[in-house]
Amino acid sequence: MKRDKRVAWRRANALKVEGKQVAVIGGTGGIGRALSRHLASLGADVVVVGQTFRDTSVPRIAFMQADLSLMREAQRVADALPAESLDMVILTTGIFAAPQRQETAEGIERDLAVSYLNRLVILRAIAPRLGTRRPLSSVKPRVFLVGYPGGGQIGAPDDLNSEKSYKAMPAHMNTVAGNEMLVLDAAKRWPHATFFGLNPGLIKTNIRDNFFGKDSLKSRAVETLIGLLTPTANTYAQRIAPLLLTSDIEGHSGAMFDSKGGAILPSPGLTEQHIRKFMAASEALMVRAGIQGAAS
Ligand SMILES: NC(=O)c1ccc[n+]([C@@H]2O[C@H](COP(=O)([O-])OP(=O)(O)OC[C@H]3O[C@@H](n4cnc5c(N)ncnc54)[C@H](OP(=O)(O)O)[C@@H]3O)[C@@H](O)[C@H]2O)c1
């Protein structure tokens, strides 16, 4: 990953969070949960979307249940979210592709659906109305997409749904590339809001369950090793919160940040032409999953 020297920001000592309205899609587990709990502890009102709510006793966290492997569910969530009053949206839902190809009832490869396509459905539906009815604010409403930007992945738009061939790693890399492209595309598409990519680096969570098998010996061994060598989700959340809140990045919609919050350059190869092709393939899959009005 290469530093982006055009983007610089300073850590504030006191974070102004009180009263901020935040939605964390994928806020029930892992990195999203750590971010939700941290922002709520600082005074934000947070709504988390996921399958299983684990923070019933935490003040200022509300829950919306959804299975985001289904695009009709993503559309329902988008319609139900109070987008007009949101200051911040964090998109962090994700899994890892399984060794054998899995497909949702809507005909979408499962990792692509959970880690990428639902984010596109939600963004397309909420971005136009995002933050339009907030009290006056010095910063635009902002969206953070958690993924693995800057790592050089560009995806395979000719077989986005892994129908011609399937291998777990390339399938997952379609979601990695897709999320990075969503940031770049959204920054151009919606100038009334700002969009950023977050690369948390390796963090001990449940994300690899689908690849190694939930609670398998392999899975436990890998996560223990990752836990020994890398920061926890809570440490990452505390480290990155000042970035989420700083006004210094206001003029840099489309920027990406590494695990410590340093700005990094987008992956080479993500040209405008490639992004257009990838988005067209993504929109075609949205339509196939039954989402209307997907075309740009
Ligand atoms: N952990 C890492 O090392 C790492 C490294 C780089 C990038 N990332 C990226 O960070 C993001 C978050 O990963 P994580 O490590 O925090 O993963 P995680 O601990 O497995 O959490 C994933 C989140 O996604 C939700 N989710 C999964 N399937 C869902 C479904 N069908 N419907 C609704 N929600 C669903 C989970 O909710 P429930 O538990 O309620 O199902 C949970 O809130 C992903 O985009 C990942 O690619 C992670």
# chains A, B, ... in the order shown; residues from 1 in each chain; ligands from 1
call {"tool": "residues_around", "arguments": {"residues": "Thr194 of chain A", "least_positions_apart": "2", "cutoff": "12 Å", "atoms": "only C-alpha atoms", "output": "PyMOL selection string"}}
result
chain A and resi 87-90+127-128+130-131+139-145+183-192+196-197+244+247+249-256
call {"tool": "residues_near_ligand", "arguments": {"ligand": "ligand 1", "cutoff": "7 Å", "atoms": "only C-alpha atoms and all ligand atoms", "output": "PyMOL selection string"}}
result
chain A and resi 26-33+49-53+66-69+92-95+114-115+146-148+199-207
call {"tool": "select_by_dssp", "arguments": {"residues": "segment 74-262 of chain A", "states": "strand (DSSP E or B)", "output": "PyMOL selection string"}}
result
chain A and resi 88-91+103+109+142-146+194-198+256-257
call {"tool": "residues_around", "arguments": {"residues": "Arg72 of chain A", "least_positions_apart": "3", "cutoff": "9 Å", "atoms": "only C-alpha atoms", "output": "list of chain:residue names"}}
result
A:Leu68, A:Gln75, A:Arg76, A:Val77, A:Glu106, A:Asn118, A:Val121, A:Ala289, A:Gly290, A:Ile291
call {"tool": "select_by_dssp", "arguments": {"residues": "segment 43-284 of chain A", "states": "alpha helix (DSSP H)", "output": "PyMOL selection string"}}
result
chain A and resi 71-80+110-112+118-126+168-189+209-212+217-229+233-245+272-284
call {"tool": "residues_around", "arguments": {"residues": "Asp159 of chain A", "least_positions_apart": "3", "cutoff": "12 Å", "atoms": "only C-alpha atoms", "output": "list in words"}}
result
Ile108, Glu109, Leu112, Gly155, Ala156, Ser162, Glu163, Lys164, Ser165, Tyr166, Lys167, Pro170, Ala171, Asn174, Lys277, Phe278, Ala281, Ser282, Ala284 and Leu285 of chain A
call {"tool": "write_last_selection", "arguments": {"atoms": "N, CA and C atoms", "output": "mmCIF file, in the first residue's frame"}}
result
data_model
loop_
_atom_site.group_PDB
_atom_site.id
_atom_site.type_symbol
_atom_site.label_atom_id
_atom_site.label_comp_id
_atom_site.auth_asym_id
_atom_site.auth_seq_id
_atom_site.Cartn_x
_atom_site.Cartn_y
_atom_site.Cartn_z
ATOM 1 N N ILE A 108 -27.375 -15.062 -6.203
ATOM 2 C CA ILE A 108 -26.108 -14.320 -6.092
ATOM 3 C C ILE A 108 -25.113 -15.138 -5.262
ATOM 4 N N GLU A 109 -23.852 -15.185 -5.732
ATOM 5 C CA GLU A 109 -22.796 -15.853 -4.953
ATOM 6 C C GLU A 109 -22.781 -15.209 -3.566
ATOM 7 N N LEU A 112 -20.307 -12.420 -2.347
ATOM 8 C CA LEU A 112 -20.552 -11.186 -3.104
ATOM 9 C C LEU A 112 -21.785 -10.463 -2.542
ATOM 10 N N GLY A 155 -10.777 -6.964 -9.260
ATOM 11 C CA GLY A 155 -11.969 -7.778 -9.458
ATOM 12 C C GLY A 155 -12.116 -8.284 -10.886
ATOM 13 N N ALA A 156 -13.143 -9.119 -11.094
ATOM 14 C CA ALA A 156 -13.375 -9.734 -12.404
ATOM 15 C C ALA A 156 -14.806 -9.460 -12.854
ATOM 16 N N SER A 162 -19.158 -15.347 -10.181
ATOM 17 C CA SER A 162 -18.378 -16.604 -10.137
ATOM 18 C C SER A 162 -19.162 -17.787 -10.690
ATOM 19 N N GLU A 163 -19.763 -17.587 -11.874
ATOM 20 C CA GLU A 163 -20.549 -18.671 -12.476
ATOM 21 C C GLU A 163 -19.710 -19.507 -13.434
ATOM 22 N N LYS A 164 -18.732 -18.830 -14.094
ATOM 23 C CA LYS A 164 -17.879 -19.575 -15.041
ATOM 24 C C LYS A 164 -16.879 -20.418 -14.274
ATOM 25 N N SER A 165 -16.333 -19.851 -13.216
ATOM 26 C CA SER A 165 -15.409 -20.629 -12.376
ATOM 27 C C SER A 165 -15.481 -20.074 -10.959
ATOM 28 N N TYR A 166 -15.171 -20.927 -9.983
ATOM 29 C CA TYR A 166 -15.245 -20.483 -8.589
ATOM 30 C C TYR A 166 -14.031 -20.931 -7.802
ATOM 31 N N LYS A 167 -13.407 -19.969 -7.140
ATOM 32 C CA LYS A 167 -12.409 -20.262 -6.115
ATOM 33 C C LYS A 167 -12.636 -19.230 -5.040
ATOM 34 N N PRO A 170 -10.384 -15.650 -5.199
ATOM 35 C CA PRO A 170 -10.798 -14.682 -6.221
ATOM 36 C C PRO A 170 -12.224 -14.176 -5.998
ATOM 37 N N ALA A 171 -13.124 -15.059 -5.526
ATOM 38 C CA ALA A 171 -14.504 -14.610 -5.268
ATOM 39 C C ALA A 171 -14.491 -13.516 -4.200
ATOM 40 N N ASN A 174 -13.336 -10.147 -5.454
ATOM 41 C CA ASN A 174 -14.367 -9.347 -6.139
ATOM 42 C C ASN A 174 -15.046 -8.402 -5.151
ATOM 43 N N LYS A 277 -17.363 -0.477 -15.929
ATOM 44 C CA LYS A 277 -17.666 -1.856 -16.314
ATOM 45 C C LYS A 277 -18.090 -2.683 -15.088
ATOM 46 N N PHE A 278 -17.369 -2.501 -13.987
ATOM 47 C CA PHE A 278 -17.661 -3.254 -12.767
ATOM 48 C C PHE A 278 -19.032 -2.858 -12.205
ATOM 49 N N ALA A 281 -21.801 -4.406 -14.284
ATOM 50 C CA ALA A 281 -21.976 -5.828 -13.937
ATOM 51 C C ALA A 281 -22.705 -5.950 -12.592
ATOM 52 N N SER A 282 -22.397 -5.064 -11.660
ATOM 53 C CA SER A 282 -23.043 -5.094 -10.346
ATOM 54 C C SER A 282 -24.525 -4.749 -10.463
ATOM 55 N N ALA A 284 -26.406 -5.149 -13.034
ATOM 56 C CA ALA A 284 -27.101 -6.262 -13.696
ATOM 57 C C ALA A 284 -27.468 -7.331 -12.653
ATOM 58 N N LEU A 285 -26.569 -7.564 -11.703
ATOM 59 C CA LEU A 285 -26.873 -8.552 -10.653
ATOM 60 C C LEU A 285 -27.964 -8.043 -9.711
#
call {"tool": "closest_residue", "arguments": {"among": "A:Met71, A:Ala113, A:Leu42, A:Ala97", "to": "Asn210 of chain A", "atoms": "only C-alpha atoms"}}
result
A:Ala97
call {"tool": "closest_atom_pairs", "arguments": {"of": "segment 207-294 of chain A", "to": "segment 7-24 of chain A", "cutoff": "8 Å", "atoms": "only C-alpha atoms", "output": "CSV"}}
result
residue,atom,partner,partner_atom,distance
A:Pro242,CA,A:Arg11,CA,5.8
A:Leu243,CA,A:Arg11,CA,7.2
A:Leu245,CA,A:Leu15,CA,7.1
A:Thr246,CA,A:Ala12,CA,7.3
A:Asp248,CA,A:Trp9,CA,5.2
A:Ile249,CA,A:Trp9,CA,6.6
A:His252,CA,A:Val7,CA,7.0
A:Ala255,CA,A:Val7,CA,7.7
A:Gly262,CA,A:Ala8,CA,7.9
A:Ala263,CA,A:Val7,CA,6.0
call {"tool": "atom_distance", "arguments": {"atom1": "atom CA of Ser36 of chain A", "atom2": "atom CA of Leu198 of chain A"}}
result
15.3 Å
call {"tool": "atom_distance", "arguments": {"atom1": "atom CA of Met1 of chain A", "atom2": "atom CA of Ile264 of chain A"}}
result
6.5 Å
call {"tool": "closest_residue", "arguments": {"among": "A:Asn179, A:Gln65, A:Thr235, A:Ser216", "to": "Gly150 of chain A", "atoms": "only C-alpha atoms"}}
result
A:Asn179
call {"tool": "residues_around", "arguments": {"residues": "Leu39 of chain A", "least_positions_apart": "4", "cutoff": "9 Å", "atoms": "only C-alpha atoms", "output": "ChimeraX atom specification"}}
result
/A:17,22,34-35,43-46,237,241
call {"tool": "write_last_selection", "arguments": {"atoms": "N, CA, C and O atoms", "output": "PDB file, in the first residue's frame"}}
result
ATOM      1  N   VAL A  17     -19.052  14.137  19.715  1.00  0.00           N
ATOM      2  CA  VAL A  17     -19.884  13.059  19.197  1.00  0.00           C
ATOM      3  C   VAL A  17     -21.335  13.177  19.674  1.00  0.00           C
ATOM      4  O   VAL A  17     -22.249  12.706  19.001  1.00  0.00           O
ATOM      5  N   VAL A  22     -25.861   7.935  13.925  1.00  0.00           N
ATOM      6  CA  VAL A  22     -24.969   7.030  13.192  1.00  0.00           C
ATOM      7  C   VAL A  22     -25.691   5.714  12.877  1.00  0.00           C
ATOM      8  O   VAL A  22     -26.412   5.187  13.723  1.00  0.00           O
ATOM      9  N   ALA A  34     -17.530  -3.075  17.487  1.00  0.00           N
ATOM     10  CA  ALA A  34     -16.569  -2.301  18.280  1.00  0.00           C
ATOM     11  C   ALA A  34     -16.736  -0.806  17.995  1.00  0.00           C
ATOM     12  O   ALA A  34     -16.734   0.020  18.921  1.00  0.00           O
ATOM     13  N   LEU A  35     -16.929  -0.457  16.723  1.00  0.00           N
ATOM     14  CA  LEU A  35     -17.124   0.954  16.372  1.00  0.00           C
ATOM     15  C   LEU A  35     -18.431   1.478  16.960  1.00  0.00           C
ATOM     16  O   LEU A  35     -18.488   2.589  17.496  1.00  0.00           O
ATOM     17  N   GLY A  43     -21.339   9.152  23.152  1.00  0.00           N
ATOM     18  CA  GLY A  43     -22.548   9.973  23.131  1.00  0.00           C
ATOM     19  C   GLY A  43     -23.343   9.947  21.840  1.00  0.00           C
ATOM     20  O   GLY A  43     -24.352  10.644  21.722  1.00  0.00           O
ATOM     21  N   ALA A  44     -22.919   9.172  20.849  1.00  0.00           N
ATOM     22  CA  ALA A  44     -23.679   9.098  19.593  1.00  0.00           C
ATOM     23  C   ALA A  44     -24.907   8.204  19.764  1.00  0.00           C
ATOM     24  O   ALA A  44     -24.917   7.306  20.608  1.00  0.00           O
ATOM     25  N   ASP A  45     -25.956   8.481  18.959  1.00  0.00           N
ATOM     26  CA  ASP A  45     -27.100   7.561  18.868  1.00  0.00           C
ATOM     27  C   ASP A  45     -26.843   6.656  17.681  1.00  0.00           C
ATOM     28  O   ASP A  45     -26.724   7.132  16.552  1.00  0.00           O
ATOM     29  N   VAL A  46     -26.748   5.344  17.953  1.00  0.00           N
ATOM     30  CA  VAL A  46     -26.322   4.412  16.910  1.00  0.00           C
ATOM     31  C   VAL A  46     -27.424   3.396  16.614  1.00  0.00           C
ATOM     32  O   VAL A  46     -28.008   2.828  17.540  1.00  0.00           O
ATOM     33  N   ALA A 237     -11.066   0.318  16.838  1.00  0.00           N
ATOM     34  CA  ALA A 237     -12.165   1.303  16.930  1.00  0.00           C
ATOM     35  C   ALA A 237     -11.686   2.574  17.634  1.00  0.00           C
ATOM     36  O   ALA A 237     -11.982   3.686  17.190  1.00  0.00           O
ATOM     37  N   ALA A 241     -11.570   6.144  15.569  1.00  0.00           N
ATOM     38  CA  ALA A 241     -12.685   7.068  15.848  1.00  0.00           C
ATOM     39  C   ALA A 241     -12.326   8.531  15.564  1.00  0.00           C
ATOM     40  O   ALA A 241     -13.138   9.256  14.964  1.00  0.00           O
TER      41      ALA A 241
END
call {"tool": "atom_distance", "arguments": {"atom1": "atom CA of Pro135 of chain A", "atom2": "atom CA of Leu91 of chain A"}}
result
23.2 Å
call {"tool": "decode", "arguments": {"residues": "segment 24-83 of chain A", "atoms": "C-alpha atoms", "output": "CSV table (one decimal), in the first residue's frame"}}
result
chain,number,residue,atom,x,y,z
A,24,VAL,CA,-23.6,0.9,11.3
A,25,ILE,CA,-24.6,-1.8,8.8
A,26,GLY,CA,-22.9,-4.9,10.1
A,27,GLY,CA,-22.7,-3.3,13.6
A,28,THR,CA,-23.7,-6.4,15.5
A,29,GLY,CA,-20.3,-8.1,15.3
A,30,GLY,CA,-16.6,-7.7,14.9
A,31,ILE,CA,-15.2,-4.3,13.7
A,32,GLY,CA,-18.7,-2.8,13.3
A,33,ARG,CA,-19.8,-3.8,16.8
A,34,ALA,CA,-16.6,-2.3,18.3
A,35,LEU,CA,-17.1,1.0,16.4
A,36,SER,CA,-20.8,1.1,17.4
A,37,ARG,CA,-20.1,0.5,21.1
A,38,HIS,CA,-17.2,3.1,21.1
A,39,LEU,CA,-19.3,5.8,19.3
A,40,ALA,CA,-22.3,5.2,21.6
A,41,SER,CA,-20.0,5.4,24.6
A,42,LEU,CA,-18.9,8.8,23.4
A,43,GLY,CA,-22.5,10.0,23.1
A,44,ALA,CA,-23.7,9.1,19.6
A,45,ASP,CA,-27.1,7.6,18.9
A,46,VAL,CA,-26.3,4.4,16.9
A,47,VAL,CA,-28.6,2.1,15.0
A,48,VAL,CA,-26.9,-1.3,14.1
A,49,VAL,CA,-28.1,-3.6,11.4
A,50,GLY,CA,-27.2,-7.3,11.5
A,51,GLN,CA,-28.6,-10.7,12.2
A,52,THR,CA,-28.0,-11.1,16.0
A,53,PHE,CA,-28.1,-8.3,18.5
A,54,ARG,CA,-25.6,-8.6,21.3
A,55,ASP,CA,-25.8,-5.2,22.9
A,56,THR,CA,-29.3,-5.0,24.4
A,57,SER,CA,-28.0,-3.5,27.6
A,58,VAL,CA,-25.8,-0.8,26.0
A,59,PRO,CA,-27.3,2.7,26.1
A,60,ARG,CA,-27.9,4.5,22.8
A,61,ILE,CA,-27.7,1.5,20.6
A,62,ALA,CA,-30.8,0.4,18.7
A,63,PHE,CA,-31.1,-2.7,16.5
A,64,MET,CA,-32.6,-3.4,13.1
A,65,GLN,CA,-32.6,-7.1,12.2
A,66,ALA,CA,-31.9,-8.2,8.6
A,67,ASP,CA,-30.4,-10.9,6.5
A,68,LEU,CA,-28.3,-8.9,4.1
A,69,SER,CA,-27.4,-11.8,1.9
A,70,LEU,CA,-30.8,-10.9,0.3
A,71,MET,CA,-31.0,-7.7,-1.8
A,72,ARG,CA,-34.7,-7.3,-1.1
A,73,GLU,CA,-33.7,-7.2,2.6
A,74,ALA,CA,-31.0,-4.6,1.8
A,75,GLN,CA,-33.7,-2.5,0.0
A,76,ARG,CA,-36.1,-2.9,3.0
A,77,VAL,CA,-33.3,-1.7,5.4
A,78,ALA,CA,-32.5,1.2,3.2
A,79,ASP,CA,-36.1,2.3,3.1
A,80,ALA,CA,-36.5,2.0,6.9
A,81,LEU,CA,-33.3,3.8,7.8
A,82,PRO,CA,-33.8,7.5,8.7
A,83,ALA,CA,-31.2,8.5,6.1
